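Enquirer: Structure below; questions to follow.
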Protein chains: 2
Amino acid sequence: MNLKELSEKLGLSQTTVSRALNGYPEVSETTRRRVQDFARQMNYQPNSNARRLATGKSSTIGHVVPLSSHDMINPHFSDFIAGAGEIYNRHGYDMLISVVSMDAEQSTYETLYRNRRIDGMIVHGPRFDDERIALLTRLKVPFVVHGRTNAPEDSYSWVDVDNRRTFHEAATWLLDAGHRRIGLINGPEFMTFAIWRREGFENALRERGLEPDPAIMTAADMIEPNGHAAMTRFLEQDNPPTAVLCSSMLTSLGALRAVREHDLKPGRDISVIGFDDCLSFLPAMRENPAVSVVQSSIRLAGKACATMLIDQIERNTGPQSLRLDTRLLLGASTGPAPGG
Amino acid sequence: MNLKELSEKLGLSQTTVSRALNGYPEVSETTRRRVQDFARQMNYQPNSNARRLATGKSSTIGHVVPLSSHDMINPHFSDFIAGAGEIYNRHGYDMLISVVSMDAEQSTYETLYRNRRIDGMIVHGPRFDDERIALLTRLKVPFVVHGRTNAPEDSYSWVDVDNRRTFHEAATWLLDAGHRRIGLINGPEFMTFAIWRREGFENALRERGLEPDPAIMTAADMIEPNGHAAMTRFLEQDNPPTAVLCSSMLTSLGALRAVREHDLKPGRDISVIGFDDCLSFLPAMRENPAVSVVQSSIRLAGKACATMLIDQIERNTGPQSLRLDTRLLLGASTGPAPGG
DNA sequence: GTGGGCAGCCAAAGCGCTTTGACTGGCTTT
DNA sequence: AAAGCCAGTCAAAGCGCTTTGGCTGCCCAC
């Protein structure tokens, strides 16, 4: 069933039927009602491709997700799309996901847009001097970055947490608890968030007259085994840390595993704070705070990015931005410095 | 730059240019070369929507992901799409993801297809008497199920592991190790895989003359807190299990957390086996077997589903199926029955 | 020399929508 | 009564591709 047949059966022109169905005002209410009823009865579904061709809009948002060096998709991603997906549905947008290796990323962005397959994009995992921002700006693709890059903050749209402040705060909490030797298990430092987290961490130490020690600082993909490896290395040093800050829930789980393997008790012998993006499937800190975390909702970030992007596409608004809150939740894995 | 302009500048007809670019044989090699070079030089990108309208194919595969009762997307999902995405890229297909609440699922499938937005679908999380299989069959949408339902196995395409056998095997291993009281922390039992896992588990017990005890069996969303809650309940009973089988890596992590909280040592005081879908971001069992698992690659399943579906779409082949292997990896969390 | 075959190209007809611009006829305005 | 207006409708022109069904020449066979 297509528009032509539908309008013939109704004894109306395609124009009128199209307008009736799409809510244009030039149609009498009686006619509109009749058309809508009949369309529903016939189970008429407009051909999206024809509509997209005619309107020049694809009503689709693209997400390019690069595979990390571990050939993996960031596990936070599913939470992000749960949030974004909800908004897309509500506004009649499709979500197009393109999984590519990091080197094919640029061309994917360009092709998707020039092909008119998408109306806008979400940029994930912004990096330092990120070429994608320049590329998308040049192409005039509407886009929103989840995170920030080092380009001027008002030159593009973004949704982010204050990574520097957050890690500054967490480190300061540990310092206040008497810890003097604090380690950092960070994410890959070509990502801006990791850079800023380190800065926040280092600044906090320096403000207390401590010099960050590279021997107890690492940066790698945020997966459990990496947390475990890093913590193991820390603990086997001459002068192990009494507290460690992790950039992810996953690395903190690995770190805690290493702690247990050394027969140490988290929170007593060593404190661990993770960064929980509210992974909906991992320890619900809410009821049972096994681990201390800095918390922020990735799903909320997904919603915010989607809302912002759609606004930008439809109302052609300029760059917007949103800074999301984080909060420090202290669970069983943190405590005062031992012997402090 | 569109086909018309391009062909005008080349002094050729649209037909010829289109054919040259799409590899049809009716064009001389000289012309083809000239057209291709010029198109590249002009950075010509065909309008996908026009092409889709003209061909009637959308070159898009739909994934409808229902939000679970926890409003969450199954975390295995990101691994699955990493696998599927790779195949889609290679064959020029797009991946369309629709996140919907469970009750809107049916209509989403139908709309996506009748709208011609997709050429085929992947069905996730098949349930018992799954209406979606009937619906898609009726609509004549090509589809592949990740998992199986209770419909005849040759009546639709699927990629699955042998859940019954796998859990039978794992339980048998525990029985062989002397365990007589074995618990089960299962996934939601409206999903077929969970039903079959329970059956495999129960059969193994019965073959040894043991009756499964509902007091140490649960079924719920496979998230860490649920594993923790279940194990806690088990341990606080009069007659706690000496071994527990978990349907997921995540619940087994929660279970282990509960074990530790009771000052028991996994593998000595109580054995835990999880089901690891090779979550790329969780403990790499390979190098450091902290937990015992039954292993199968979700990513591989994603690849297999994608390949099968594309084959079905393009060659119009009938139902195919693939049974993936699992293997039992024994790590530190299992051992003989205490005092056995 | 005539006819057939074929490689190579083209014009034009879709694909199924949206949207522009024009046309009714009934109703108000002056 | 003439003029103007407006709500409601329509025909037709796109949107940018693919594909059908020719139409040329040129070469070869008989």
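Chain labels follow the order of the structure tokens: the first chain is A, the next B, and so on; residue numbering restarts at 1 in every chain, and ligands are counted from 1 in their shown order.
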Residues of chain B within 8 Å of chain A, using only C-alpha atoms, as JSON, numbers by chain?

Expert: {"B": [45, 46, 47, 48, 49, 50, 52, 53, 58, 67, 70, 72, 73, 74, 75, 77, 78, 79, 81, 82, 85, 86, 89, 94, 95, 96, 97, 98, 99, 100, 111, 114, 115, 116, 117, 222, 223, 224, 225, 250, 254, 280, 281, 282, 283, 284]}

Enquirer: Quick one: residues within 12 Å of D:DA3, only C-alpha atoms (C1' of nucleotides), excluding same-chain residues fewer than 5 positions away - as a PyMOL selection string?

Expert: chain C and resi 28-30

Enquirer: Show me, as a ChimeraX atom specification, every residue of chain C with an atom at most 9 Å from chain A, counting only C-alpha atoms (C1' of nucleotides).

Expert: /C:15-19

Enquirer: Considering only C-alpha atoms (C1' of nucleotides), tabulate each residue of chain D that lies at most 8 Å from chain A along with its nearest interatomic pair and the corresponding distance in Å to one decimal; arrange the rows by chain and ascending residue number and present them as a Markdown table.

Expert:
| residue | atom | partner | partner_atom | distance |
| --- | --- | --- | --- | --- |
| D:DA7 | C1' | A:Glu26 | CA | 7.3 |
| D:DG8 | C1' | A:Val27 | CA | 6.2 |
| D:DT9 | C1' | A:Thr16 | CA | 6.9 |
| D:DC10 | C1' | A:Ser13 | CA | 6.1 |
| D:DC15 | C1' | A:Ala54 | CA | 4.6 |
| D:DG16 | C1' | A:Leu53 | CA | 7.7 |

Enquirer: Let me see the file: selected residues, N, CA, C and O atoms (P, O5', C5', C4', C3', O3' and C1' of nucleotides), as a PDB file, in the first residue's frame.

Expert:
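Below is the file that was written, part_12.pdb:
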ATOM      1  P    DA D   7      -8.348  30.349   5.733  1.00  0.00           P
ATOM      2  O5'  DA D   7      -9.227  29.040   5.971  1.00  0.00           O
ATOM      3  C5'  DA D   7     -10.646  29.140   5.985  1.00  0.00           C
ATOM      4  C4'  DA D   7     -11.225  27.971   5.209  1.00  0.00           C
ATOM      5  C3'  DA D   7     -10.517  26.643   5.444  1.00  0.00           C
ATOM      6  O3'  DA D   7     -11.506  25.631   5.488  1.00  0.00           O
ATOM      7  C1'  DA D   7     -10.416  27.177   3.146  1.00  0.00           C
ATOM      8  P    DG D   8     -11.137  24.137   5.788  1.00  0.00           P
ATOM      9  O5'  DG D   8     -10.945  23.599   4.313  1.00  0.00           O
ATOM     10  C5'  DG D   8     -12.091  23.326   3.518  1.00  0.00           C
ATOM     11  C4'  DG D   8     -11.630  22.798   2.194  1.00  0.00           C
ATOM     12  C3'  DG D   8     -10.738  21.548   2.268  1.00  0.00           C
ATOM     13  O3'  DG D   8     -11.352  20.542   1.502  1.00  0.00           O
ATOM     14  C1'  DG D   8      -9.850  23.128   0.784  1.00  0.00           C
ATOM     15  P    DT D   9     -10.885  19.055   1.595  1.00  0.00           P
ATOM     16  O5'  DT D   9     -10.132  18.904   0.207  1.00  0.00           O
ATOM     17  C5'  DT D   9     -10.898  18.993  -0.994  1.00  0.00           C
ATOM     18  C4'  DT D   9     -10.013  19.370  -2.148  1.00  0.00           C
ATOM     19  C3'  DT D   9      -8.952  18.357  -2.554  1.00  0.00           C
ATOM     20  O3'  DT D   9      -9.504  17.457  -3.493  1.00  0.00           O
ATOM     21  C1'  DT D   9      -8.292  20.646  -2.886  1.00  0.00           C
ATOM     22  P    DC D  10      -8.642  16.244  -4.007  1.00  0.00           P
ATOM     23  O5'  DC D  10      -7.819  16.895  -5.205  1.00  0.00           O
ATOM     24  C5'  DC D  10      -8.514  17.557  -6.264  1.00  0.00           C
ATOM     25  C4'  DC D  10      -7.493  18.179  -7.200  1.00  0.00           C
ATOM     26  C3'  DC D  10      -6.434  17.191  -7.663  1.00  0.00           C
ATOM     27  O3'  DC D  10      -6.428  17.134  -9.073  1.00  0.00           O
ATOM     28  C1'  DC D  10      -5.430  19.198  -6.878  1.00  0.00           C
ATOM     29  P    DC D  15      15.243  18.894  -8.055  1.00  0.00           P
ATOM     30  O5'  DC D  15      15.408  17.791  -6.932  1.00  0.00           O
ATOM     31  C5'  DC D  15      15.099  18.029  -5.584  1.00  0.00           C
ATOM     32  C4'  DC D  15      15.207  16.730  -4.838  1.00  0.00           C
ATOM     33  C3'  DC D  15      16.303  15.817  -5.386  1.00  0.00           C
ATOM     34  O3'  DC D  15      17.478  16.029  -4.624  1.00  0.00           O
ATOM     35  C1'  DC D  15      14.250  14.615  -4.930  1.00  0.00           C
ATOM     36  P    DG D  16      18.848  16.330  -5.411  1.00  0.00           P
ATOM     37  O5'  DG D  16      19.350  14.870  -5.776  1.00  0.00           O
ATOM     38  C5'  DG D  16      19.603  13.956  -4.737  1.00  0.00           C
ATOM     39  C4'  DG D  16      19.728  12.581  -5.333  1.00  0.00           C
ATOM     40  C3'  DG D  16      20.748  12.457  -6.470  1.00  0.00           C
ATOM     41  O3'  DG D  16      21.426  11.257  -6.271  1.00  0.00           O
ATOM     42  C1'  DG D  16      18.711  11.609  -7.164  1.00  0.00           C
TER      43       DG D  16
END

Enquirer: In Å, rounded to a single decimal, give me how far atom CA of B:Pro241 is from atom CA of B:Glu202.

Expert: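 Separation between atom CA of B:Glu202 and atom CA of B:Pro241: 14.8 Å.
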
Enquirer: Name the residues of stretch 20-247 of chain A that fall into helix (DSSP H, G or I) according to DSSP on the backbone, using the chain letters and numbers of this document, as number ranges by chain.

Expert: A: 20-21, 29-42, 48-55, 76-91, 102-114, 131-139, 153-155, 163-176, 192-207, 214-216, 224-235

Enquirer: Figure out the distance between atom CA of A:Met102 and atom CA of A:Ser68, please, to one decimal in Å.

Expert: 7.3 Å
